[in-house]
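Dropping work19.cif in here (mmCIF, C-alpha atoms and all ligand atoms):
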data_work
#
loop_
_atom_site.group_PDB
_atom_site.id
_atom_site.type_symbol
_atom_site.label_atom_id
_atom_site.label_comp_id
_atom_site.auth_asym_id
_atom_site.auth_seq_id
_atom_site.Cartn_x
_atom_site.Cartn_y
_atom_site.Cartn_z
ATOM 1 C CA MET A 1 -115.710 -33.315 -254.276
ATOM 2 C CA GLU A 2 -113.041 -30.633 -254.477
ATOM 3 C CA HIS A 3 -109.731 -31.663 -255.942
ATOM 4 C CA ALA A 4 -106.982 -32.053 -253.281
ATOM 5 C CA LEU A 5 -103.212 -32.151 -253.638
ATOM 6 C CA ASP A 6 -100.326 -33.207 -251.411
ATOM 7 C CA ILE A 7 -97.832 -30.498 -250.535
ATOM 8 C CA THR A 8 -94.599 -30.416 -248.550
ATOM 9 C CA LEU A 9 -93.066 -27.161 -247.445
ATOM 10 C CA SER A 10 -90.971 -25.656 -244.697
ATOM 11 C CA VAL A 11 -92.920 -23.485 -242.267
ATOM 12 C CA ASN A 12 -90.852 -21.569 -239.738
ATOM 13 C CA GLY A 13 -88.076 -24.101 -240.175
ATOM 14 C CA THR A 14 -90.225 -27.204 -239.763
ATOM 15 C CA GLN A 15 -90.992 -29.536 -242.650
ATOM 16 C CA VAL A 16 -94.753 -29.901 -243.104
ATOM 17 C CA SER A 17 -96.695 -32.276 -245.378
ATOM 18 C CA ARG A 18 -100.454 -32.016 -245.847
ATOM 19 C CA ARG A 19 -103.208 -32.764 -248.340
ATOM 20 C CA VAL A 20 -104.914 -29.489 -249.198
ATOM 21 C CA PRO A 21 -107.854 -28.440 -251.347
ATOM 22 C CA ALA A 22 -106.537 -27.113 -254.663
ATOM 23 C CA ARG A 23 -108.185 -23.745 -254.124
ATOM 24 C CA MET A 24 -107.130 -23.195 -250.512
ATOM 25 C CA HIS A 25 -105.201 -19.974 -250.004
ATOM 26 C CA LEU A 26 -101.864 -20.006 -248.234
ATOM 27 C CA ILE A 27 -103.169 -17.807 -245.429
ATOM 28 C CA ASP A 28 -106.062 -20.189 -244.760
ATOM 29 C CA PHE A 29 -103.680 -23.141 -244.798
ATOM 30 C CA LEU A 30 -101.416 -21.448 -242.257
ATOM 31 C CA ARG A 31 -104.258 -20.346 -240.011
ATOM 32 C CA GLU A 32 -106.618 -23.305 -240.271
ATOM 33 C CA SER A 33 -104.424 -26.318 -240.951
ATOM 34 C CA LEU A 34 -101.355 -25.266 -238.959
ATOM 35 C CA GLU A 35 -103.091 -23.015 -236.401
ATOM 36 C CA LEU A 36 -100.635 -20.203 -237.071
ATOM 37 C CA THR A 37 -103.176 -17.467 -236.480
ATOM 38 C CA GLY A 38 -100.723 -14.599 -236.013
ATOM 39 C CA SER A 39 -101.113 -13.575 -239.655
ATOM 40 C CA HIS A 40 -104.518 -12.010 -240.085
ATOM 41 C CA ILE A 41 -107.112 -11.942 -242.838
ATOM 42 C CA GLY A 42 -108.639 -8.571 -243.653
ATOM 43 C CA CYS A 43 -109.737 -7.815 -247.177
ATOM 44 C CA GLU A 44 -109.012 -11.229 -248.742
ATOM 45 C CA HIS A 45 -108.106 -9.629 -252.039
ATOM 46 C CA GLY A 46 -104.590 -8.294 -251.724
ATOM 47 C CA VAL A 47 -105.257 -4.775 -250.517
ATOM 48 C CA CYS A 48 -104.791 -4.514 -246.749
ATOM 49 C CA GLY A 49 -101.536 -6.403 -246.080
ATOM 50 C CA ALA A 50 -102.828 -8.074 -242.905
ATOM 51 C CA CYS A 51 -101.934 -11.500 -244.323
ATOM 52 C CA THR A 52 -98.290 -10.694 -245.153
ATOM 53 C CA VAL A 53 -95.922 -13.658 -244.806
ATOM 54 C CA ARG A 54 -92.506 -14.484 -246.238
ATOM 55 C CA VAL A 55 -92.041 -17.082 -248.969
ATOM 56 C CA ASN A 56 -88.487 -17.929 -250.010
ATOM 57 C CA GLY A 57 -87.315 -14.680 -248.452
ATOM 58 C CA ASP A 58 -89.829 -12.364 -250.127
ATOM 59 C CA ILE A 59 -92.923 -10.935 -248.511
ATOM 60 C CA VAL A 60 -96.163 -12.008 -250.167
ATOM 61 C CA ARG A 61 -99.860 -11.688 -249.486
ATOM 62 C CA GLY A 62 -101.090 -14.975 -248.150
ATOM 63 C CA CYS A 63 -104.578 -14.294 -249.501
ATOM 64 C CA LEU A 64 -103.288 -14.042 -253.075
ATOM 65 C CA MET A 65 -101.240 -17.233 -253.077
ATOM 66 C CA LEU A 66 -102.590 -20.751 -253.078
ATOM 67 C CA ALA A 67 -101.257 -23.254 -250.579
ATOM 68 C CA VAL A 68 -100.322 -25.568 -253.466
ATOM 69 C CA GLN A 69 -98.147 -22.804 -254.926
ATOM 70 C CA ALA A 70 -96.069 -22.943 -251.753
ATOM 71 C CA ASP A 71 -95.221 -26.599 -252.319
ATOM 72 C CA GLY A 72 -91.446 -26.937 -251.864
ATOM 73 C CA CYS A 73 -91.117 -23.383 -250.536
ATOM 74 C CA ARG A 74 -89.740 -21.918 -247.336
ATOM 75 C CA VAL A 75 -92.538 -20.061 -245.581
ATOM 76 C CA GLU A 76 -92.001 -17.824 -242.570
ATOM 77 C CA THR A 77 -94.737 -16.248 -240.496
ATOM 78 C CA ILE A 78 -94.901 -13.712 -237.717
ATOM 79 C CA GLU A 79 -94.664 -16.597 -235.218
ATOM 80 C CA GLY A 80 -91.370 -17.801 -236.686
ATOM 81 C CA LEU A 81 -89.777 -14.366 -236.875
ATOM 82 C CA SER A 82 -90.960 -13.586 -233.400
ATOM 83 C CA ASP A 83 -89.646 -16.828 -231.898
ATOM 84 C CA SER A 84 -86.264 -16.391 -233.592
ATOM 85 C CA LYS A 85 -86.083 -12.842 -232.142
ATOM 86 C CA GLU A 86 -85.547 -11.445 -235.636
ATOM 87 C CA LEU A 87 -88.271 -8.910 -234.914
ATOM 88 C CA ALA A 88 -87.201 -8.083 -231.362
ATOM 89 C CA GLY A 89 -85.958 -4.587 -232.201
ATOM 90 C CA LEU A 90 -89.058 -3.690 -234.179
ATOM 91 C CA GLN A 91 -91.418 -5.123 -231.593
ATOM 92 C CA LYS A 92 -89.694 -3.101 -228.867
ATOM 93 C CA ALA A 93 -89.863 0.088 -230.929
ATOM 94 C CA PHE A 94 -93.552 -0.479 -231.770
ATOM 95 C CA HIS A 95 -94.309 -1.060 -228.109
ATOM 96 C CA GLU A 96 -92.390 1.947 -226.839
ATOM 97 C CA ARG A 97 -93.785 4.320 -229.447
ATOM 98 C CA ASN A 98 -97.373 3.098 -229.205
ATOM 99 C CA ALA A 99 -97.307 2.101 -232.849
ATOM 100 C CA LEU A 100 -100.308 -0.169 -232.411
ATOM 101 C CA GLN A 101 -103.741 0.036 -230.916
ATOM 102 C CA CYS A 102 -106.036 -2.870 -231.812
ATOM 103 C CA GLY A 103 -103.045 -4.745 -233.229
ATOM 104 C CA PHE A 104 -104.894 -6.213 -236.195
ATOM 105 C CA CYS A 105 -102.501 -4.775 -238.767
ATOM 106 C CA THR A 106 -99.402 -5.268 -236.636
ATOM 107 C CA PRO A 107 -98.192 -8.734 -237.729
ATOM 108 C CA GLY A 108 -98.361 -7.755 -241.394
ATOM 109 C CA MET A 109 -96.880 -4.352 -240.662
ATOM 110 C CA LEU A 110 -93.924 -5.911 -238.828
ATOM 111 C CA MET A 111 -93.309 -8.350 -241.690
ATOM 112 C CA ALA A 112 -93.331 -5.488 -244.214
ATOM 113 C CA ALA A 113 -91.141 -3.270 -242.030
ATOM 114 C CA GLN A 114 -88.594 -6.032 -241.474
ATOM 115 C CA ASP A 115 -88.393 -6.552 -245.224
ATOM 116 C CA LEU A 116 -87.257 -2.939 -245.530
ATOM 117 C CA ILE A 117 -84.882 -3.111 -242.570
ATOM 118 C CA LEU A 118 -83.145 -6.128 -244.110
ATOM 119 C CA GLN A 119 -82.033 -3.884 -246.975
ATOM 120 C CA ASN A 120 -79.543 -2.578 -244.422
ATOM 121 C CA ARG A 121 -79.067 0.869 -245.909
ATOM 122 C CA LYS A 122 -80.021 4.437 -245.204
ATOM 123 C CA ILE A 123 -83.751 4.767 -245.784
ATOM 124 C CA SER A 124 -85.736 7.982 -245.792
ATOM 125 C CA ARG A 125 -89.040 8.531 -244.030
ATOM 126 C CA GLU A 126 -90.698 8.799 -247.440
ATOM 127 C CA GLU A 127 -89.324 5.394 -248.408
ATOM 128 C CA ILE A 128 -90.666 3.901 -245.196
ATOM 129 C CA ARG A 129 -94.086 5.340 -245.941
ATOM 130 C CA ALA A 130 -93.975 4.021 -249.501
ATOM 131 C CA HIS A 131 -92.871 0.574 -248.359
ATOM 132 C CA ILE A 132 -95.720 0.157 -245.878
ATOM 133 C CA SER A 133 -98.289 1.805 -248.126
ATOM 134 C CA GLY A 134 -99.758 -1.612 -248.878
ATOM 135 C CA ASN A 135 -100.350 -2.299 -245.194
ATOM 136 C CA TYR A 136 -103.465 -0.603 -243.883
ATOM 137 C CA CYS A 137 -103.874 0.547 -240.310
ATOM 138 C CA ARG A 138 -107.238 1.868 -239.199
ATOM 139 C CA CYS A 139 -106.090 2.978 -235.776
ATOM 140 C CA THR A 140 -102.794 4.778 -235.527
ATOM 141 C CA GLY A 141 -102.628 7.313 -238.336
ATOM 142 C CA TYR A 142 -99.252 5.728 -239.274
ATOM 143 C CA GLN A 143 -97.083 8.426 -237.667
ATOM 144 C CA ALA A 144 -96.002 6.278 -234.714
ATOM 145 C CA ILE A 145 -95.463 3.270 -236.999
ATOM 146 C CA VAL A 146 -93.121 5.253 -239.249
ATOM 147 C CA ASP A 147 -91.357 6.628 -236.137
ATOM 148 C CA ALA A 148 -90.795 3.102 -234.816
ATOM 149 C CA ILE A 149 -89.442 1.770 -238.106
ATOM 150 C CA GLU A 150 -87.224 4.826 -238.528
ATOM 151 C CA GLU A 151 -85.834 4.321 -235.043
ATOM 152 C CA VAL A 152 -84.816 0.737 -235.829
ATOM 153 C CA ILE A 153 -83.259 1.729 -239.157
ATOM 154 C CA ASN A 154 -81.289 4.569 -237.577
ATOM 155 C CA GLY A 155 -80.239 2.258 -234.757
ATOM 156 C CA GLN A 156 -78.573 -0.070 -237.260
ATOM 157 C CA GLY A 157 -75.715 2.391 -237.377
HETATM 158 S S1 LIG B 201 -106.196 -10.150 -246.382
HETATM 159 FE FE1 LIG B 201 -104.592 -10.324 -247.783
HETATM 160 S S2 LIG B 201 -104.160 -8.311 -248.411
HETATM 161 FE FE2 LIG B 201 -105.909 -8.130 -247.136
HETATM 162 S S1 LIG B 202 -103.432 -0.942 -234.847
HETATM 163 FE FE1 LIG B 202 -105.509 -1.297 -235.360
HETATM 164 S S2 LIG B 202 -105.458 -1.539 -237.510
HETATM 165 FE FE2 LIG B 202 -103.444 -0.950 -237.025
#

Would you mind writing the file's structure down as C-alpha cells?
Amino acid sequence: MEHALDITLSVNGTQVSRRVPARMHLIDFLRESLELTGSHIGCEHGVCGACTVRVNGDIVRGCLMLAVQADGCRVETIEGLSDSKELAGLQKAFHERNALQCGFCTPGMLMAAQDLILQNRKISREEIRAHISGNYCRCTGYQAIVDAIEEVINGQG
C-alpha cells in the first residue's frame, strides 16, 4: 500500500487537513481531493503552465510540487483569486480583448499575469511576453493576451 501522510495547509484562506498519498502532486490534490478544478493539467511535467497556483505568495507549477510539500503553506488558486476579485481587472481585460478561446490556458495565464502586475511598476511588452513564456496557449497567438495584460498594467497609473 502506498505510504500516506497527514497534511494541513491553507487553501484560499480556509484551513484544510487531509491524509494524502506521499506521491500525490499538489495539482491533483487540489483538483481531486478539494474539487478545485479551475487549475488545469496539461503536460504534467512543468512545461505548459496550465497548473499554475500560488504557494506562499509565489507562483508554482502544481504538477511539479507534491501535496506533502505544501504542508503548512498558504495555497491560492484561481478560484480564490477570482472570488476575492483580485483578478477582476485582468478578467475584464481578457474578456473585452478576446484573450481566450477554449480557455484551457486561461486560469494559469491569469495567475502568471497577476504575478507580474503585483510588481506594480512600469513593465514593457517584451517583459510581459517573457513572463508568460512558460504558459502555453494553443489558440490565441498570444497577441490579445499581451494586449490585455498591458492594458491592466497601464491602467495602474
Ligand atoms: S501541467 Fe503543470 S506545467 Fe503543464
Ligand atoms: S485559449 Fe485555448 S489554449 Fe489558450

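Environment of ligand LIG 201 (chain B), defined as every protein or nucleic acid residue with an atom within 8 Å of it and counting all atoms listed in the file, comprises A:Ile27, A:His40, A:Ile41, A:Gly42, A:Cys43, A:Glu44, A:His45, A:Gly46, A:Val47, A:Cys48, A:Gly49, A:Ala50, A:Cys51, A:Thr52, A:Arg61, A:Gly62, A:Cys63, A:Leu64, A:Asn135.
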
Within 6 Å of ligand LIG 202 (chain B): each chain A residue with its shortest pair, all atoms listed in the file, as a tab-separated table:
residue	atom	partner	partner_atom	distance
A:Leu100	CA	B:LIG202	S1	4.0
A:Gln101	CA	B:LIG202	S1	4.1
A:Cys102	CA	B:LIG202	FE1	3.9
A:Gly103	CA	B:LIG202	S1	4.2
A:Phe104	CA	B:LIG202	S2	4.9
A:Cys105	CA	B:LIG202	FE2	4.3
A:Thr106	CA	B:LIG202	FE2	5.9
A:Cys137	CA	B:LIG202	FE2	3.6
A:Arg138	CA	B:LIG202	S2	4.2
A:Cys139	CA	B:LIG202	FE1	4.3
A:Thr140	CA	B:LIG202	S1	5.8

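Of the residues under consideration (A:Ala112, A:Leu118, A:Ala99, A:Leu9), A:Ala99 shows the shortest atom-to-atom contact distance to Tyr142 (chain A) when counting only C-alpha atoms.
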
Could you expand the PyMOL selection byres (((chain A and resi 7) around 7) and not hetatm) into the explicit residues it covers here, written as a ChimeraX atom specification?
/A:5-6,8-9,17-19,68,71

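Compared by their closest atoms to Gly89 (chain A), and using only C-alpha atoms, the residues A:Ser33, A:Gln114, A:Ser133, A:Asn12 rank with A:Gln114 nearest.
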
Report, in Å with one decimal, the straight-line distance from CA of Gln143 (chain A) to CA of Leu87 (chain A).
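Calculated distance between CA of Gln143 (chain A) and CA of Leu87 (chain A) is 19.6 Å.
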
Residue IDs satisfying the PyMOL selection byres (((chain A and resi 125-132) around 10) and not hetatm), as a ChimeraX atom specification
/A:49,108-113,115-117,122-124,133-137,142-143,145-147,149-150,153

Could you please take those selected residues and save C-alpha atoms as a tab-separated table (two decimals), in the frame of the given file?
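As written to disk, result_11.tsv reads:
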chain	number	residue	atom	x	y	z
A	49	GLY	CA	-101.54	-6.40	-246.08
A	108	GLY	CA	-98.36	-7.76	-241.39
A	109	MET	CA	-96.88	-4.35	-240.66
A	110	LEU	CA	-93.92	-5.91	-238.83
A	111	MET	CA	-93.31	-8.35	-241.69
A	112	ALA	CA	-93.33	-5.49	-244.21
A	113	ALA	CA	-91.14	-3.27	-242.03
A	115	ASP	CA	-88.39	-6.55	-245.22
A	116	LEU	CA	-87.26	-2.94	-245.53
A	117	ILE	CA	-84.88	-3.11	-242.57
A	122	LYS	CA	-80.02	4.44	-245.20
A	123	ILE	CA	-83.75	4.77	-245.78
A	124	SER	CA	-85.74	7.98	-245.79
A	133	SER	CA	-98.29	1.80	-248.13
A	134	GLY	CA	-99.76	-1.61	-248.88
A	135	ASN	CA	-100.35	-2.30	-245.19
A	136	TYR	CA	-103.46	-0.60	-243.88
A	137	CYS	CA	-103.87	0.55	-240.31
A	142	TYR	CA	-99.25	5.73	-239.27
A	143	GLN	CA	-97.08	8.43	-237.67
A	145	ILE	CA	-95.46	3.27	-237.00
A	146	VAL	CA	-93.12	5.25	-239.25
A	147	ASP	CA	-91.36	6.63	-236.14
A	149	ILE	CA	-89.44	1.77	-238.11
A	150	GLU	CA	-87.22	4.83	-238.53
A	153	ILE	CA	-83.26	1.73	-239.16

Using all atoms listed in the file, which residue out of A:Val53, A:Ala22, A:Thr37, A:Val16 lies closest to Gly72 (chain A)?
A:Val16

Just want the 7 Å neighbourhood of Pro107 (chain A), counted on all atoms listed in the file, with same-chain residues fewer than 5 positions away dropped. Output as an NGL selection string.
:A and (38-39 or 50 or 78)

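For the set A:Ser84, A:Gln119, A:Asn56, A:Gln69, the residue with the smallest atom-to-atom gap to Ser10 (chain A) is A:Asn56, counting all atoms listed in the file.
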
As a check of understanding: the span from CA of Val20 (chain A) to CA of Gly80 (chain A) is 21.8 Å

Distance in Å - CA of Lys85 (chain A) versus CA of His25 (chain A)
27.1 Å

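Between Val55 (chain A) and the residues A:His3, A:Arg31, A:Arg97, A:Arg74, the shortest atom-to-atom distance, using all atoms listed in the file, involves A:Arg74.
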
Please return the centre and edge lengths, in Å to one decimal, of a box with edges along x, y and z that contains all listed atoms of region 121-132 of chain A, widened by 8 Å on every side, as AutoDock Vina command-line options.
--center_x -87.4 --center_y 4.5 --center_z -246.8 --size_x 32.7 --size_y 24.6 --size_z 21.5

Residue with smallest distance to Leu34 (chain A) - pool A:Pro21, A:Ala148, A:Asn98, A:Val11, counting all atoms listed in the file:
A:Val11
